[in-house]
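Q: Sharing a structure, written as structure tokens. Questions coming.
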Amino acid sequence: MKNIISIGWNSWLKQHKESVLLFDSIAAANEIALMLNGQWDGCNGVIVAKCDEVAVNTAAKLLEAKWCYQGAEKAVLERVTADEILRRYAIGERYFINANLRCAVLASVKLSEINLSYAALSWADLSQANLSKADLTAADLSQANLSGVDLSEAYLMRANLTKSDLQQASLKGANLSRANLSEVNLTNADLTGANLSFADLRGAKFHFCDLSGVNLTGAKLIESDLAFALQ
């Protein structure tokens, strides 16, 4: 699938001679694409018909982002350490959009209302952490350890939670609309009042999971997956 996307992408570029700009933040690329009437590639690239560097620099400055032309250099996402997140959170900072925290150990920490949208958290250990009311929009939490985590009222729209461990997690009132929860372990989890509309729930384990008041409109699932859930 990735090869097909790559071939299509390269073919499209060959047919169009627009400029491809790379930003150091996925969130910034998304915003700047809208500001410059460009095309966002879903990651940190933006295609513009004609590059006006003054306009790009102005937009980048507003969002405190760095950029370069594709091929000029490689714009990479800076890795943030768990200790740095905790230190900055302790002094009042809440915005860590696009943070690279792959494999980070943040077990039992208190990070309620933190903004980790678009963050890379695959393989991270967030077991028993307090992430209530956190913004994890489009974050990558695939194969993360989220057992016992408090994600009540958290915003997880379009988040990737594939194969993550959410045993005994609290997701009361969480927004998981269009999230990927395929093969997730939700044993004994509390999803009371959660929004799972259009979410991918195929292969998820719902043993003794509380689904009272859950919105499952348009969700992808096999009814037998819910056989042991509490409703």
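Labeling convention for the structure tokens: chains A, B, ... as they appear, residues from 1 per chain, ligands from 1 in order of appearance.
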Residues within 9 Å of range 108-118 of chain A, please, as a ChimeraX atom specification. Count only C-alpha atoms; anything in the same chain fewer than 4 positions from it doesn't count.
A: /A:25-27,86,89,93-99,126-140,149-151,154-156,159
Q: Output N, CA, C and O atoms for every residue in that selection, as a compact mmCIF listing (two decimals), in the first residue's frame.
A:
# COMPACT_ATOMS: atom_id res chain seq x y z
N SER A 25 7.09 20.55 11.67
CA SER A 25 5.93 20.19 12.46
C SER A 25 4.79 19.79 11.54
O SER A 25 4.47 20.50 10.58
N ILE A 26 4.18 18.66 11.82
CA ILE A 26 3.03 18.22 11.03
C ILE A 26 1.88 19.20 11.20
O ILE A 26 1.20 19.58 10.24
N ALA A 27 1.67 19.65 12.45
CA ALA A 27 0.59 20.59 12.71
C ALA A 27 0.80 21.90 11.95
O ALA A 27 -0.13 22.47 11.39
N LEU A 86 8.09 16.52 31.39
CA LEU A 86 7.67 16.69 32.79
C LEU A 86 8.14 18.03 33.35
O LEU A 86 7.40 18.70 34.08
N TYR A 89 6.06 20.79 31.67
CA TYR A 89 4.67 20.71 32.15
C TYR A 89 4.57 21.29 33.57
O TYR A 89 3.62 21.99 33.90
N GLU A 93 3.66 24.72 31.00
CA GLU A 93 3.51 24.53 29.56
C GLU A 93 2.60 23.33 29.30
O GLU A 93 2.71 22.30 29.95
N ARG A 94 1.71 23.49 28.34
CA ARG A 94 0.78 22.41 28.01
C ARG A 94 0.83 21.99 26.55
O ARG A 94 0.29 20.96 26.19
N TYR A 95 1.47 22.77 25.70
CA TYR A 95 1.46 22.50 24.27
C TYR A 95 2.73 21.77 23.83
O TYR A 95 3.82 22.34 23.85
N PHE A 96 2.56 20.51 23.43
CA PHE A 96 3.67 19.68 22.94
C PHE A 96 3.25 19.04 21.62
O PHE A 96 3.45 17.85 21.40
N ILE A 97 2.66 19.87 20.76
CA ILE A 97 2.16 19.39 19.48
C ILE A 97 3.30 18.79 18.65
O ILE A 97 4.38 19.37 18.56
N ASN A 98 3.04 17.62 18.09
CA ASN A 98 4.00 16.97 17.19
C ASN A 98 5.25 16.43 17.89
O ASN A 98 6.26 16.14 17.26
N ALA A 99 5.20 16.30 19.20
CA ALA A 99 6.36 15.81 19.95
C ALA A 99 6.71 14.38 19.56
O ALA A 99 5.83 13.56 19.31
N LEU A 126 2.67 4.51 29.00
CA LEU A 126 1.85 5.52 29.67
C LEU A 126 0.91 4.85 30.68
O LEU A 126 -0.12 5.42 31.04
N SER A 127 1.28 3.67 31.13
CA SER A 127 0.44 2.93 32.06
C SER A 127 0.21 3.73 33.35
O SER A 127 1.12 4.37 33.88
N GLN A 128 -1.04 3.73 33.81
CA GLN A 128 -1.45 4.41 35.03
C GLN A 128 -1.30 5.94 34.99
O GLN A 128 -1.44 6.61 36.01
N ALA A 129 -1.02 6.49 33.82
CA ALA A 129 -0.84 7.95 33.72
C ALA A 129 -2.20 8.67 33.75
O ALA A 129 -3.22 8.11 33.38
N ASN A 130 -2.17 9.91 34.20
CA ASN A 130 -3.38 10.74 34.20
C ASN A 130 -3.33 11.66 32.99
O ASN A 130 -2.60 12.65 32.97
N LEU A 131 -4.10 11.31 31.96
CA LEU A 131 -4.18 12.11 30.74
C LEU A 131 -5.61 12.59 30.52
O LEU A 131 -6.06 12.78 29.39
N SER A 132 -6.31 12.80 31.61
CA SER A 132 -7.70 13.25 31.50
C SER A 132 -7.75 14.62 30.79
O SER A 132 -6.90 15.48 31.01
N LYS A 133 -8.71 14.76 29.89
CA LYS A 133 -8.93 15.98 29.11
C LYS A 133 -7.73 16.33 28.23
O LYS A 133 -7.59 17.48 27.78
N ALA A 134 -6.86 15.37 27.97
CA ALA A 134 -5.70 15.62 27.10
C ALA A 134 -6.15 15.69 25.64
O ALA A 134 -7.14 15.07 25.26
N ASP A 135 -5.40 16.44 24.84
CA ASP A 135 -5.67 16.52 23.41
C ASP A 135 -4.65 15.63 22.69
O ASP A 135 -3.47 15.97 22.62
N LEU A 136 -5.12 14.52 22.17
CA LEU A 136 -4.26 13.57 21.47
C LEU A 136 -4.77 13.38 20.03
O LEU A 136 -4.65 12.29 19.45
N THR A 137 -5.27 14.45 19.47
CA THR A 137 -5.79 14.40 18.10
C THR A 137 -4.73 13.87 17.14
O THR A 137 -3.61 14.37 17.11
N ALA A 138 -5.09 12.86 16.39
CA ALA A 138 -4.22 12.29 15.36
C ALA A 138 -2.86 11.82 15.88
O ALA A 138 -1.91 11.66 15.12
N ALA A 139 -2.75 11.58 17.17
CA ALA A 139 -1.49 11.10 17.74
C ALA A 139 -1.29 9.62 17.39
O ALA A 139 -2.25 8.88 17.20
N ASP A 140 -0.05 9.20 17.30
CA ASP A 140 0.27 7.80 17.03
C ASP A 140 0.58 7.10 18.35
O ASP A 140 1.64 7.29 18.93
N VAL A 149 -4.59 3.69 32.26
CA VAL A 149 -4.46 5.12 32.02
C VAL A 149 -5.81 5.83 32.18
O VAL A 149 -6.87 5.25 31.93
N ASP A 150 -5.77 7.07 32.62
CA ASP A 150 -6.98 7.89 32.74
C ASP A 150 -7.06 8.81 31.52
O ASP A 150 -6.32 9.78 31.43
N LEU A 151 -7.93 8.46 30.59
CA LEU A 151 -8.14 9.27 29.39
C LEU A 151 -9.58 9.80 29.35
O LEU A 151 -10.15 10.04 28.29
N ALA A 154 -10.83 12.82 27.19
CA ALA A 154 -9.70 13.14 26.31
C ALA A 154 -10.17 13.22 24.86
O ALA A 154 -11.18 12.63 24.48
N TYR A 155 -9.43 13.96 24.07
CA TYR A 155 -9.77 14.13 22.66
C TYR A 155 -8.81 13.29 21.85
O TYR A 155 -7.62 13.60 21.75
N LEU A 156 -9.32 12.20 21.26
CA LEU A 156 -8.49 11.24 20.53
C LEU A 156 -8.98 11.05 19.09
O LEU A 156 -8.78 10.01 18.49
N ALA A 159 -6.90 9.39 16.19
CA ALA A 159 -5.68 8.84 16.79
C ALA A 159 -5.47 7.40 16.33
O ALA A 159 -6.42 6.67 16.06
Q: Excluding range 175-189 of chain A and its own-chain neighbours fewer than 4 positions away, which residues fall within 7 Å of it when counting only C-alpha atoms? Please give them as an mmCIF file with N, CA, C and O atoms, in the first residue's frame.
A:
data_model
loop_
_atom_site.group_PDB
_atom_site.id
_atom_site.type_symbol
_atom_site.label_atom_id
_atom_site.label_comp_id
_atom_site.auth_asym_id
_atom_site.auth_seq_id
_atom_site.Cartn_x
_atom_site.Cartn_y
_atom_site.Cartn_z
ATOM 1 N N GLU A 153 -12.613 12.058 29.124
ATOM 2 C CA GLU A 153 -12.857 13.323 28.420
ATOM 3 C C GLU A 153 -11.686 13.755 27.536
ATOM 4 O O GLU A 153 -11.566 14.928 27.171
ATOM 5 N N ALA A 154 -10.829 12.818 27.193
ATOM 6 C CA ALA A 154 -9.697 13.136 26.315
ATOM 7 C C ALA A 154 -10.168 13.217 24.863
ATOM 8 O O ALA A 154 -11.182 12.630 24.483
ATOM 9 N N TYR A 155 -9.435 13.956 24.074
ATOM 10 C CA TYR A 155 -9.769 14.132 22.662
ATOM 11 C C TYR A 155 -8.806 13.291 21.846
ATOM 12 O O TYR A 155 -7.619 13.604 21.746
ATOM 13 N N LEU A 156 -9.322 12.198 21.260
ATOM 14 C CA LEU A 156 -8.490 11.245 20.532
ATOM 15 C C LEU A 156 -8.981 11.053 19.090
ATOM 16 O O LEU A 156 -8.777 10.006 18.491
ATOM 17 N N MET A 157 -9.594 12.081 18.555
ATOM 18 C CA MET A 157 -10.130 11.981 17.197
ATOM 19 C C MET A 157 -9.004 11.681 16.205
ATOM 20 O O MET A 157 -7.960 12.321 16.195
ATOM 21 N N ARG A 158 -9.192 10.646 15.382
ATOM 22 C CA ARG A 158 -8.262 10.203 14.345
ATOM 23 C C ARG A 158 -6.945 9.664 14.906
ATOM 24 O O ARG A 158 -5.971 9.482 14.173
ATOM 25 N N ALA A 159 -6.896 9.390 16.194
ATOM 26 C CA ALA A 159 -5.676 8.842 16.793
ATOM 27 C C ALA A 159 -5.467 7.400 16.333
ATOM 28 O O ALA A 159 -6.421 6.667 16.058
ATOM 29 N N ASN A 160 -4.210 6.986 16.264
ATOM 30 C CA ASN A 160 -3.872 5.611 15.891
ATOM 31 C C ASN A 160 -3.515 4.838 17.160
ATOM 32 O O ASN A 160 -2.455 5.045 17.746
ATOM 33 N N LEU A 161 -4.424 3.950 17.564
ATOM 34 C CA LEU A 161 -4.221 3.159 18.783
ATOM 35 C C LEU A 161 -4.065 1.674 18.464
ATOM 36 O O LEU A 161 -4.235 0.816 19.325
ATOM 37 N N THR A 162 -3.700 1.376 17.247
ATOM 38 C CA THR A 162 -3.581 -0.013 16.798
ATOM 39 C C THR A 162 -2.736 -0.866 17.749
ATOM 40 O O THR A 162 -1.610 -0.492 18.096
ATOM 41 N N LYS A 163 -3.304 -1.988 18.187
ATOM 42 C CA LYS A 163 -2.614 -2.968 19.042
ATOM 43 C C LYS A 163 -2.135 -2.396 20.379
ATOM 44 O O LYS A 163 -1.266 -2.986 21.027
ATOM 45 N N SER A 164 -2.691 -1.288 20.803
ATOM 46 C CA SER A 164 -2.284 -0.739 22.103
ATOM 47 C C SER A 164 -2.986 -1.497 23.234
ATOM 48 O O SER A 164 -4.017 -2.142 23.036
ATOM 49 N N ASP A 165 -2.428 -1.415 24.428
ATOM 50 C CA ASP A 165 -2.973 -2.097 25.594
ATOM 51 C C ASP A 165 -3.742 -1.086 26.440
ATOM 52 O O ASP A 165 -3.149 -0.217 27.071
ATOM 53 N N LEU A 166 -5.081 -1.197 26.429
ATOM 54 C CA LEU A 166 -5.935 -0.270 27.186
ATOM 55 C C LEU A 166 -6.713 -1.010 28.279
ATOM 56 O O LEU A 166 -7.799 -0.599 28.673
ATOM 57 N N GLN A 167 -6.138 -2.086 28.785
ATOM 58 C CA GLN A 167 -6.801 -2.834 29.847
ATOM 59 C C GLN A 167 -7.003 -1.935 31.075
ATOM 60 O O GLN A 167 -6.085 -1.216 31.493
ATOM 61 N N GLN A 168 -8.221 -1.962 31.619
ATOM 62 C CA GLN A 168 -8.581 -1.217 32.825
ATOM 63 C C GLN A 168 -8.419 0.298 32.660
ATOM 64 O O GLN A 168 -8.370 1.036 33.646
ATOM 65 N N ALA A 169 -8.372 0.772 31.433
ATOM 66 C CA ALA A 169 -8.251 2.214 31.189
ATOM 67 C C ALA A 169 -9.606 2.904 31.365
ATOM 68 O O ALA A 169 -10.656 2.298 31.164
ATOM 69 N N SER A 170 -9.566 4.177 31.726
ATOM 70 C CA SER A 170 -10.791 4.969 31.827
ATOM 71 C C SER A 170 -10.868 5.890 30.616
ATOM 72 O O SER A 170 -10.002 6.740 30.422
ATOM 73 N N ALA A 194 -18.485 7.365 25.765
ATOM 74 C CA ALA A 194 -17.433 7.730 24.791
ATOM 75 C C ALA A 194 -18.011 7.822 23.374
ATOM 76 O O ALA A 194 -19.026 7.210 23.049
ATOM 77 N N ASN A 195 -17.344 8.617 22.542
ATOM 78 C CA ASN A 195 -17.741 8.758 21.143
ATOM 79 C C ASN A 195 -16.820 7.896 20.285
ATOM 80 O O ASN A 195 -15.646 8.214 20.108
ATOM 81 N N LEU A 196 -17.367 6.811 19.735
ATOM 82 C CA LEU A 196 -16.595 5.908 18.886
ATOM 83 C C LEU A 196 -17.150 5.912 17.457
ATOM 84 O O LEU A 196 -16.977 4.948 16.709
ATOM 85 N N SER A 197 -17.779 7.006 17.080
ATOM 86 C CA SER A 197 -18.375 7.073 15.748
ATOM 87 C C SER A 197 -17.300 6.960 14.670
ATOM 88 O O SER A 197 -16.255 7.596 14.748
ATOM 89 N N PHE A 198 -17.558 6.078 13.703
ATOM 90 C CA PHE A 198 -16.670 5.855 12.562
ATOM 91 C C PHE A 198 -15.278 5.358 12.961
ATOM 92 O O PHE A 198 -14.336 5.419 12.177
ATOM 93 N N ALA A 199 -15.150 4.859 14.168
ATOM 94 C CA ALA A 199 -13.862 4.306 14.610
ATOM 95 C C ALA A 199 -13.672 2.905 14.042
ATOM 96 O O ALA A 199 -14.634 2.192 13.747
ATOM 97 N N ASP A 200 -12.423 2.490 13.879
ATOM 98 C CA ASP A 200 -12.100 1.138 13.415
ATOM 99 C C ASP A 200 -11.869 0.273 14.653
ATOM 100 O O ASP A 200 -10.860 0.428 15.341
ATOM 101 N N LEU A 201 -12.826 -0.618 14.921
ATOM 102 C CA LEU A 201 -12.761 -1.457 16.118
ATOM 103 C C LEU A 201 -12.578 -2.935 15.784
ATOM 104 O O LEU A 201 -12.770 -3.806 16.625
ATOM 105 N N ARG A 202 -12.199 -3.221 14.559
ATOM 106 C CA ARG A 202 -12.059 -4.601 14.134
ATOM 107 C C ARG A 202 -10.941 -5.314 14.895
ATOM 108 O O ARG A 202 -9.822 -4.823 14.969
ATOM 109 N N GLY A 203 -11.295 -6.446 15.467
ATOM 110 C CA GLY A 203 -10.306 -7.238 16.196
ATOM 111 C C GLY A 203 -10.043 -6.765 17.608
ATOM 112 O O GLY A 203 -9.209 -7.335 18.316
ATOM 113 N N ALA A 204 -10.767 -5.740 18.068
ATOM 114 C CA ALA A 204 -10.565 -5.234 19.427
ATOM 115 C C ALA A 204 -11.162 -6.191 20.458
ATOM 116 O O ALA A 204 -12.158 -6.863 20.197
ATOM 117 N N LYS A 205 -10.553 -6.269 21.633
ATOM 118 C CA LYS A 205 -11.042 -7.132 22.713
ATOM 119 C C LYS A 205 -11.834 -6.285 23.704
ATOM 120 O O LYS A 205 -11.295 -5.353 24.296
ATOM 121 N N PHE A 206 -13.130 -6.629 23.876
ATOM 122 C CA PHE A 206 -14.011 -5.848 24.742
ATOM 123 C C PHE A 206 -14.431 -6.619 25.998
ATOM 124 O O PHE A 206 -15.436 -6.287 26.601
ATOM 125 N N HIS A 207 -13.678 -7.613 26.401
ATOM 126 C CA HIS A 207 -14.066 -8.438 27.537
ATOM 127 C C HIS A 207 -14.324 -7.586 28.792
ATOM 128 O O HIS A 207 -13.433 -6.873 29.270
ATOM 129 N N PHE A 208 -15.581 -7.643 29.286
ATOM 130 C CA PHE A 208 -15.990 -6.913 30.496
ATOM 131 C C PHE A 208 -15.782 -5.397 30.376
ATOM 132 O O PHE A 208 -15.656 -4.699 31.375
ATOM 133 N N CYS A 209 -15.737 -4.907 29.150
ATOM 134 C CA CYS A 209 -15.585 -3.464 28.908
ATOM 135 C C CYS A 209 -16.955 -2.797 29.035
ATOM 136 O O CYS A 209 -17.945 -3.297 28.505
ATOM 137 N N ASP A 210 -17.042 -1.659 29.733
ATOM 138 C CA ASP A 210 -18.314 -0.955 29.927
ATOM 139 C C ASP A 210 -18.567 -0.015 28.751
ATOM 140 O O ASP A 210 -17.852 0.971 28.571
#
Q: Residues of range 62-149 of chain A classed as helix (DSSP H, G or I) by DSSP on the backbone are to be reported as a ChimeraX atom specification.
A: /A:62,82-90
Q: Write the selection just made, keeping N, CA, C and O atoms, as a PDB file, in the first residue's frame?
A:
ATOM      1  N   LEU A  62       4.671  33.040  12.302  1.00  0.00           N
ATOM      2  CA  LEU A  62       3.468  33.080  13.135  1.00  0.00           C
ATOM      3  C   LEU A  62       3.311  31.794  13.934  1.00  0.00           C
ATOM      4  O   LEU A  62       2.848  31.809  15.078  1.00  0.00           O
ATOM      5  N   ALA A  82      11.287  12.377  27.979  1.00  0.00           N
ATOM      6  CA  ALA A  82      10.226  12.337  28.976  1.00  0.00           C
ATOM      7  C   ALA A  82      10.499  13.344  30.088  1.00  0.00           C
ATOM      8  O   ALA A  82       9.590  14.033  30.569  1.00  0.00           O
ATOM      9  N   ASP A  83      11.751  13.450  30.503  1.00  0.00           N
ATOM     10  CA  ASP A  83      12.114  14.385  31.572  1.00  0.00           C
ATOM     11  C   ASP A  83      11.827  15.829  31.161  1.00  0.00           C
ATOM     12  O   ASP A  83      11.394  16.644  31.977  1.00  0.00           O
ATOM     13  N   GLU A  84      12.084  16.137  29.889  1.00  0.00           N
ATOM     14  CA  GLU A  84      11.841  17.496  29.413  1.00  0.00           C
ATOM     15  C   GLU A  84      10.345  17.805  29.410  1.00  0.00           C
ATOM     16  O   GLU A  84       9.923  18.903  29.789  1.00  0.00           O
ATOM     17  N   ILE A  85       9.534  16.827  28.993  1.00  0.00           N
ATOM     18  CA  ILE A  85       8.085  17.006  29.010  1.00  0.00           C
ATOM     19  C   ILE A  85       7.616  17.307  30.434  1.00  0.00           C
ATOM     20  O   ILE A  85       6.843  18.242  30.666  1.00  0.00           O
ATOM     21  N   LEU A  86       8.085  16.520  31.388  1.00  0.00           N
ATOM     22  CA  LEU A  86       7.674  16.688  32.787  1.00  0.00           C
ATOM     23  C   LEU A  86       8.138  18.030  33.345  1.00  0.00           C
ATOM     24  O   LEU A  86       7.397  18.699  34.084  1.00  0.00           O
ATOM     25  N   ARG A  87       9.364  18.429  33.003  1.00  0.00           N
ATOM     26  CA  ARG A  87       9.898  19.706  33.503  1.00  0.00           C
ATOM     27  C   ARG A  87       9.086  20.881  32.961  1.00  0.00           C
ATOM     28  O   ARG A  87       8.694  21.779  33.710  1.00  0.00           O
ATOM     29  N   ARG A  88       8.820  20.858  31.654  1.00  0.00           N
ATOM     30  CA  ARG A  88       8.083  21.954  31.034  1.00  0.00           C
ATOM     31  C   ARG A  88       6.623  21.974  31.468  1.00  0.00           C
ATOM     32  O   ARG A  88       6.026  23.039  31.639  1.00  0.00           O
ATOM     33  N   TYR A  89       6.061  20.789  31.674  1.00  0.00           N
ATOM     34  CA  TYR A  89       4.673  20.713  32.151  1.00  0.00           C
ATOM     35  C   TYR A  89       4.574  21.290  33.567  1.00  0.00           C
ATOM     36  O   TYR A  89       3.616  21.993  33.901  1.00  0.00           O
ATOM     37  N   ALA A  90       5.577  20.997  34.388  1.00  0.00           N
ATOM     38  CA  ALA A  90       5.563  21.455  35.773  1.00  0.00           C
ATOM     39  C   ALA A  90       5.579  22.979  35.897  1.00  0.00           C
ATOM     40  O   ALA A  90       5.066  23.545  36.871  1.00  0.00           O
TER      41      ALA A  90
END
Q: Hey, can you check how far CA of Leu34 in chain A sits from CA of Ile47 in chain A?
A: 10.9 Å
